[in-house]
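Peer 1: Here it is: the structure, laid out below.
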Amino acid sequence: MESHPSYVVLSPLLLKYPRSGGSLFQAYNDIVYVQRWNDVEALDLRGCQRGVIKGRKKDSETPSFVIPCSLMETLSFSWFKDAFTELSRPAEIYLAVTSDDASLVYYKISNDIVKPGL
């Protein structure tokens, strides 16, 4: 991992939050190298004790937030509440759920109840 180009960017957060480091590394590389988001940066989400990824999807001017976590982690409503508060209440965040077999699934979590589109 240390020889990968993204390690330089992520190393402060990987060292500070080693339990969630693998998920952060996997999600960050997917967003940067596979999905090719713009203006990607890794931020410290202190309330949730992990790094968060901020960037803009292709063809979007609005920044999005991705919070990586492991499939084995237990998350709570208060955890999500803290995340939304610390990120200045975005309309939505993406939860990047990683597993040991390198699978990665994104879930869109809204700050409020959102009526599905037709």
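Residue numbers start at 1 in each chain; chains themselves are named A, B, ... in the order of the structure tokens; ligands are numbered from 1 in the order shown.
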Tell me, as an NGL selection string, which residues lie within 9 Å of Arg46 in chain A, counting only C-alpha atoms; anything in the same chain fewer than 4 positions away does not count.

Peer 2: :A and (50-51 or 83 or 86)

Peer 1: Mind the document's chain letters and residue numbers, and return as a JSON list (two decimals) with N, CA, C and O atoms, in the first residue's frame the residues of chain A that DSSP labels strand (DSSP E).

Peer 2:
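Below is the file that was written, states.json:
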```
[["chain", "number", "residue", "atom", "x", "y", "z"],
["A", 38, "ASN", "N", -13.74, 14.59, -10.12],
["A", 38, "ASN", "CA", -12.90, 15.78, -10.17],
["A", 38, "ASN", "C", -12.71, 16.36, -8.77],
["A", 38, "ASN", "O", -13.57, 16.19, -7.90],
["A", 39, "ASP", "N", -11.61, 17.07, -8.58],
["A", 39, "ASP", "CA", -11.33, 17.80, -7.34],
["A", 39, "ASP", "C", -11.48, 16.92, -6.10],
["A", 39, "ASP", "O", -12.07, 17.32, -5.09],
["A", 40, "VAL", "N", -10.93, 15.73, -6.15],
["A", 40, "VAL", "CA", -11.05, 14.77, -5.05],
["A", 40, "VAL", "C", -10.06, 15.12, -3.94],
["A", 40, "VAL", "O", -8.89, 15.40, -4.20],
["A", 41, "GLU", "N", -10.56, 15.08, -2.71],
["A", 41, "GLU", "CA", -9.70, 15.28, -1.55],
["A", 41, "GLU", "C", -10.18, 14.41, -0.40],
["A", 41, "GLU", "O", -11.35, 14.04, -0.34],
["A", 42, "ALA", "N", -9.27, 14.07, 0.47],
["A", 42, "ALA", "CA", -9.59, 13.28, 1.66],
["A", 42, "ALA", "C", -9.62, 14.22, 2.86],
["A", 42, "ALA", "O", -8.69, 15.00, 3.07],
["A", 43, "LEU", "N", -10.69, 14.14, 3.63],
["A", 43, "LEU", "CA", -10.87, 15.01, 4.78],
["A", 43, "LEU", "C", -10.99, 14.19, 6.05],
["A", 43, "LEU", "O", -11.37, 13.02, 6.01],
["A", 44, "ASP", "N", -10.72, 14.81, 7.17],
["A", 44, "ASP", "CA", -10.84, 14.16, 8.47],
["A", 44, "ASP", "C", -12.25, 14.33, 9.01],
["A", 44, "ASP", "O", -12.70, 15.45, 9.23],
["A", 45, "LEU", "N", -12.95, 13.24, 9.20],
["A", 45, "LEU", "CA", -14.30, 13.26, 9.78],
["A", 45, "LEU", "C", -14.16, 12.82, 11.23],
["A", 45, "LEU", "O", -14.37, 11.65, 11.58],
["A", 50, "ARG", "N", -12.81, 8.72, 11.16],
["A", 50, "ARG", "CA", -12.36, 8.15, 9.89],
["A", 50, "ARG", "C", -12.18, 9.25, 8.86],
["A", 50, "ARG", "O", -12.59, 10.39, 9.09],
["A", 51, "GLY", "N", -11.61, 8.90, 7.74],
["A", 51, "GLY", "CA", -11.48, 9.82, 6.64],
["A", 51, "GLY", "C", -12.74, 9.79, 5.78],
["A", 51, "GLY", "O", -13.45, 8.79, 5.73],
["A", 52, "VAL", "N", -13.01, 10.90, 5.14],
["A", 52, "VAL", "CA", -14.13, 11.01, 4.21],
["A", 52, "VAL", "C", -13.59, 11.57, 2.89],
["A", 52, "VAL", "O", -12.60, 12.30, 2.88],
["A", 53, "ILE", "N", -14.21, 11.20, 1.81],
["A", 53, "ILE", "CA", -13.77, 11.62, 0.49],
["A", 53, "ILE", "C", -14.75, 12.67, -0.03],
["A", 53, "ILE", "O", -15.96, 12.45, -0.02],
["A", 54, "LYS", "N", -14.19, 13.79, -0.48],
["A", 54, "LYS", "CA", -15.00, 14.86, -1.07],
["A", 54, "LYS", "C", -14.55, 15.03, -2.51],
["A", 54, "LYS", "O", -13.36, 15.03, -2.80],
["A", 55, "GLY", "N", -15.51, 15.17, -3.40],
["A", 55, "GLY", "CA", -15.18, 15.40, -4.80],
["A", 55, "GLY", "C", -16.42, 15.67, -5.61],
["A", 55, "GLY", "O", -17.53, 15.70, -5.08],
["A", 56, "ARG", "N", -16.21, 15.87, -6.89],
["A", 56, "ARG", "CA", -17.33, 16.13, -7.79],
["A", 56, "ARG", "C", -17.40, 15.02, -8.83],
["A", 56, "ARG", "O", -16.39, 14.71, -9.48],
["A", 63, "PRO", "N", -20.30, 19.36, -5.01],
["A", 63, "PRO", "CA", -19.46, 18.36, -4.36],
["A", 63, "PRO", "C", -20.29, 17.27, -3.69],
["A", 63, "PRO", "O", -21.39, 17.51, -3.21],
["A", 64, "SER", "N", -19.74, 16.07, -3.69],
["A", 64, "SER", "CA", -20.36, 14.92, -3.03],
["A", 64, "SER", "C", -19.39, 14.40, -1.97],
["A", 64, "SER", "O", -18.18, 14.59, -2.08],
["A", 65, "PHE", "N", -19.95, 13.73, -0.97],
["A", 65, "PHE", "CA", -19.15, 13.16, 0.10],
["A", 65, "PHE", "C", -19.34, 11.65, 0.12],
["A", 65, "PHE", "O", -20.46, 11.15, -0.01],
["A", 66, "VAL", "N", -18.24, 10.94, 0.32],
["A", 66, "VAL", "CA", -18.26, 9.48, 0.42],
["A", 66, "VAL", "C", -17.61, 9.09, 1.74],
["A", 66, "VAL", "O", -16.48, 9.49, 2.02],
["A", 67, "ILE", "N", -18.34, 8.33, 2.54],
["A", 67, "ILE", "CA", -17.79, 7.84, 3.80],
["A", 67, "ILE", "C", -17.55, 6.34, 3.67],
["A", 67, "ILE", "O", -18.50, 5.57, 3.56],
["A", 68, "PRO", "N", -16.29, 5.92, 3.66],
["A", 68, "PRO", "CA", -15.99, 4.50, 3.55],
["A", 68, "PRO", "C", -16.17, 3.78, 4.88],
["A", 68, "PRO", "O", -15.89, 4.33, 5.95],
["A", 69, "CYS", "N", -16.64, 2.54, 4.79],
["A", 69, "CYS", "CA", -16.73, 1.69, 5.98],
["A", 69, "CYS", "C", -16.65, 0.24, 5.54],
["A", 69, "CYS", "O", -16.83, -0.08, 4.36],
["A", 70, "SER", "N", -16.41, -0.62, 6.49],
["A", 70, "SER", "CA", -16.32, -2.04, 6.22],
["A", 70, "SER", "C", -17.69, -2.69, 6.38],
["A", 70, "SER", "O", -18.52, -2.23, 7.16],
["A", 92, "GLU", "N", -27.18, 14.74, 0.74],
["A", 92, "GLU", "CA", -26.94, 13.30, 0.76],
["A", 92, "GLU", "C", -25.46, 13.02, 0.94],
["A", 92, "GLU", "O", -24.62, 13.87, 0.68],
["A", 93, "ILE", "N", -25.18, 11.83, 1.43],
["A", 93, "ILE", "CA", -23.82, 11.32, 1.47],
["A", 93, "ILE", "C", -23.85, 9.92, 0.88],
["A", 93, "ILE", "O", -24.91, 9.28, 0.81],
["A", 94, "TYR", "N", -22.71, 9.47, 0.42],
["A", 94, "TYR", "CA", -22.60, 8.11, -0.08],
["A", 94, "TYR", "C", -21.81, 7.29, 0.92],
["A", 94, "TYR", "O", -20.74, 7.71, 1.37],
["A", 95, "LEU", "N", -22.34, 6.16, 1.27],
["A", 95, "LEU", "CA", -21.67, 5.23, 2.14],
["A", 95, "LEU", "C", -21.02, 4.18, 1.25],
["A", 95, "LEU", "O", -21.70, 3.50, 0.48],
["A", 96, "ALA", "N", -19.69, 4.09, 1.29],
["A", 96, "ALA", "CA", -18.95, 3.12, 0.48],
["A", 96, "ALA", "C", -18.65, 1.92, 1.38],
["A", 96, "ALA", "O", -17.81, 2.00, 2.27],
["A", 97, "VAL", "N", -19.36, 0.83, 1.15],
["A", 97, "VAL", "CA", -19.21, -0.36, 1.97],
["A", 97, "VAL", "C", -18.25, -1.32, 1.27],
["A", 97, "VAL", "O", -18.52, -1.75, 0.14],
["A", 98, "THR", "N", -17.16, -1.64, 1.95],
["A", 98, "THR", "CA", -16.14, -2.52, 1.38],
["A", 98, "THR", "C", -16.16, -3.87, 2.10],
["A", 98, "THR", "O", -16.61, -3.97, 3.24],
["A", 104, "LEU", "N", -17.08, -3.51, -3.49],
["A", 104, "LEU", "CA", -17.37, -2.14, -3.06],
["A", 104, "LEU", "C", -18.78, -1.79, -3.53],
["A", 104, "LEU", "O", -19.08, -1.88, -4.72],
["A", 105, "VAL", "N", -19.63, -1.40, -2.58],
["A", 105, "VAL", "CA", -21.01, -1.04, -2.89],
["A", 105, "VAL", "C", -21.27, 0.33, -2.29],
["A", 105, "VAL", "O", -20.92, 0.60, -1.14],
["A", 106, "TYR", "N", -21.90, 1.20, -3.09],
["A", 106, "TYR", "CA", -22.24, 2.55, -2.62],
["A", 106, "TYR", "C", -23.73, 2.63, -2.31],
["A", 106, "TYR", "O", -24.55, 2.18, -3.10],
["A", 107, "TYR", "N", -24.04, 3.23, -1.17],
["A", 107, "TYR", "CA", -25.43, 3.51, -0.79],
["A", 107, "TYR", "C", -25.59, 5.00, -0.62],
["A", 107, "TYR", "O", -24.77, 5.65, 0.03],
["A", 108, "LYS", "N", -26.64, 5.55, -1.22],
["A", 108, "LYS", "CA", -26.93, 6.98, -1.07],
["A", 108, "LYS", "C", -27.82, 7.14, 0.15],
["A", 108, "LYS", "O", -28.90, 6.57, 0.22],
["A", 109, "ILE", "N", -27.34, 7.93, 1.11],
["A", 109, "ILE", "CA", -28.07, 8.19, 2.35],
["A", 109, "ILE", "C", -28.50, 9.66, 2.34],
["A", 109, "ILE", "O", -27.66, 10.55, 2.20],
["A", 110, "SER", "N", -29.79, 9.91, 2.47],
["A", 110, "SER", "CA", -30.31, 11.28, 2.46],
["A", 110, "SER", "C", -30.42, 11.81, 3.88],
["A", 110, "SER", "O", -30.65, 11.06, 4.82]]
```

Peer 1: How far is it from CA of Gly21 in chain A to CA of Ser60 in chain A, in Å with one decimal?

Peer 2: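 Calculated distance between CA of Gly21 in chain A and CA of Ser60 in chain A is 27.4 Å.
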
Peer 1: Could you check the closest approach to Tyr17 in chain A for each of A:Asn111, A:Thr74, A:Thr62, A:Gln49 and tell me which residue wins, using only C-alpha atoms?

Peer 2: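 So, comparing all the options, the nearest one is A:Gln49.
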
Peer 1: One number please: CA of Gly47 in chain A to CA of Phe84 in chain A, in Å, one decimal.

Peer 2: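 Taking CA of Gly47 in chain A and CA of Phe84 in chain A, their separation equals 10.1 Å.
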
Peer 1: To one decimal place, how far is CA of Leu71 in chain A from CA of Leu14 in chain A in Å?

Peer 2: 18.0 Å

Peer 1: Name the residues of range 6-108 of chain A that fall into alpha helix (DSSP H) according to DSSP on the backbone, using the chain letters and numbers of this document, as a compact mmCIF listing (two decimals) with N, CA and C atoms, in the first residue's frame.

Peer 2:
```txt
# COMPACT_ATOMS: atom_id res chain seq x y z
N SER A 6 -1.59 6.98 -4.23
CA SER A 6 -2.59 7.60 -3.36
C SER A 6 -2.20 7.52 -1.88
N TYR A 7 -1.20 6.73 -1.56
CA TYR A 7 -0.79 6.61 -0.16
C TYR A 7 -0.30 7.95 0.38
N VAL A 8 0.39 8.72 -0.45
CA VAL A 8 0.90 10.02 -0.01
C VAL A 8 -0.25 10.93 0.42
N VAL A 9 -1.33 10.91 -0.33
CA VAL A 9 -2.50 11.74 -0.01
C VAL A 9 -3.21 11.23 1.24
N LEU A 10 -3.32 9.93 1.36
CA LEU A 10 -4.13 9.32 2.42
C LEU A 10 -3.38 9.01 3.71
N SER A 11 -2.06 9.01 3.68
CA SER A 11 -1.29 8.52 4.82
C SER A 11 -1.62 9.18 6.17
N PRO A 12 -1.87 10.50 6.24
CA PRO A 12 -2.23 11.05 7.56
C PRO A 12 -3.50 10.42 8.13
N LEU A 13 -4.49 10.17 7.27
CA LEU A 13 -5.74 9.58 7.76
C LEU A 13 -5.60 8.08 7.99
N LEU A 14 -4.80 7.41 7.18
CA LEU A 14 -4.57 5.98 7.37
C LEU A 14 -3.87 5.71 8.69
N LEU A 15 -2.93 6.55 9.05
CA LEU A 15 -2.22 6.39 10.31
C LEU A 15 -3.09 6.79 11.51
N LYS A 16 -3.92 7.80 11.32
CA LYS A 16 -4.78 8.27 12.41
C LYS A 16 -5.94 7.32 12.68
N GLY A 21 -8.84 2.32 7.63
CA GLY A 21 -7.88 2.66 6.59
C GLY A 21 -8.05 1.87 5.30
N GLY A 22 -8.30 0.57 5.42
CA GLY A 22 -8.47 -0.25 4.22
C GLY A 22 -9.67 0.19 3.39
N SER A 23 -10.75 0.52 4.06
CA SER A 23 -11.95 0.98 3.36
C SER A 23 -11.71 2.33 2.69
N LEU A 24 -11.01 3.22 3.38
CA LEU A 24 -10.70 4.52 2.80
C LEU A 24 -9.82 4.36 1.57
N PHE A 25 -8.78 3.54 1.67
CA PHE A 25 -7.87 3.32 0.55
C PHE A 25 -8.60 2.75 -0.66
N GLN A 26 -9.46 1.76 -0.43
CA GLN A 26 -10.19 1.12 -1.53
C GLN A 26 -11.18 2.09 -2.19
N ALA A 27 -11.96 2.81 -1.39
CA ALA A 27 -12.96 3.73 -1.94
C ALA A 27 -12.29 4.91 -2.65
N TYR A 28 -11.23 5.45 -2.06
CA TYR A 28 -10.53 6.57 -2.68
C TYR A 28 -9.99 6.19 -4.06
N ASN A 29 -9.37 5.03 -4.15
CA ASN A 29 -8.82 4.60 -5.44
C ASN A 29 -9.91 4.33 -6.46
N PHE A 77 -27.74 5.35 13.95
CA PHE A 77 -28.36 6.60 13.50
C PHE A 77 -27.59 7.80 14.02
N SER A 78 -27.09 7.72 15.25
CA SER A 78 -26.32 8.85 15.79
C SER A 78 -25.02 9.04 15.01
N TRP A 79 -24.44 7.96 14.50
CA TRP A 79 -23.23 8.04 13.68
C TRP A 79 -23.53 8.82 12.41
N PHE A 80 -24.65 8.50 11.75
CA PHE A 80 -25.04 9.22 10.53
C PHE A 80 -25.38 10.67 10.85
N LYS A 81 -26.05 10.90 11.97
CA LYS A 81 -26.38 12.27 12.37
C LYS A 81 -25.10 13.09 12.56
N ASP A 82 -24.12 12.51 13.23
CA ASP A 82 -22.84 13.19 13.42
C ASP A 82 -22.16 13.49 12.08
N ALA A 83 -22.22 12.53 11.16
CA ALA A 83 -21.59 12.72 9.84
C ALA A 83 -22.25 13.86 9.09
N PHE A 84 -23.58 13.89 9.05
CA PHE A 84 -24.28 14.96 8.35
C PHE A 84 -23.98 16.32 9.00
N THR A 85 -23.94 16.38 10.32
CA THR A 85 -23.67 17.63 11.01
C THR A 85 -22.26 18.12 10.71
N GLU A 86 -21.28 17.24 10.81
CA GLU A 86 -19.89 17.64 10.59
C GLU A 86 -19.61 18.04 9.14
```
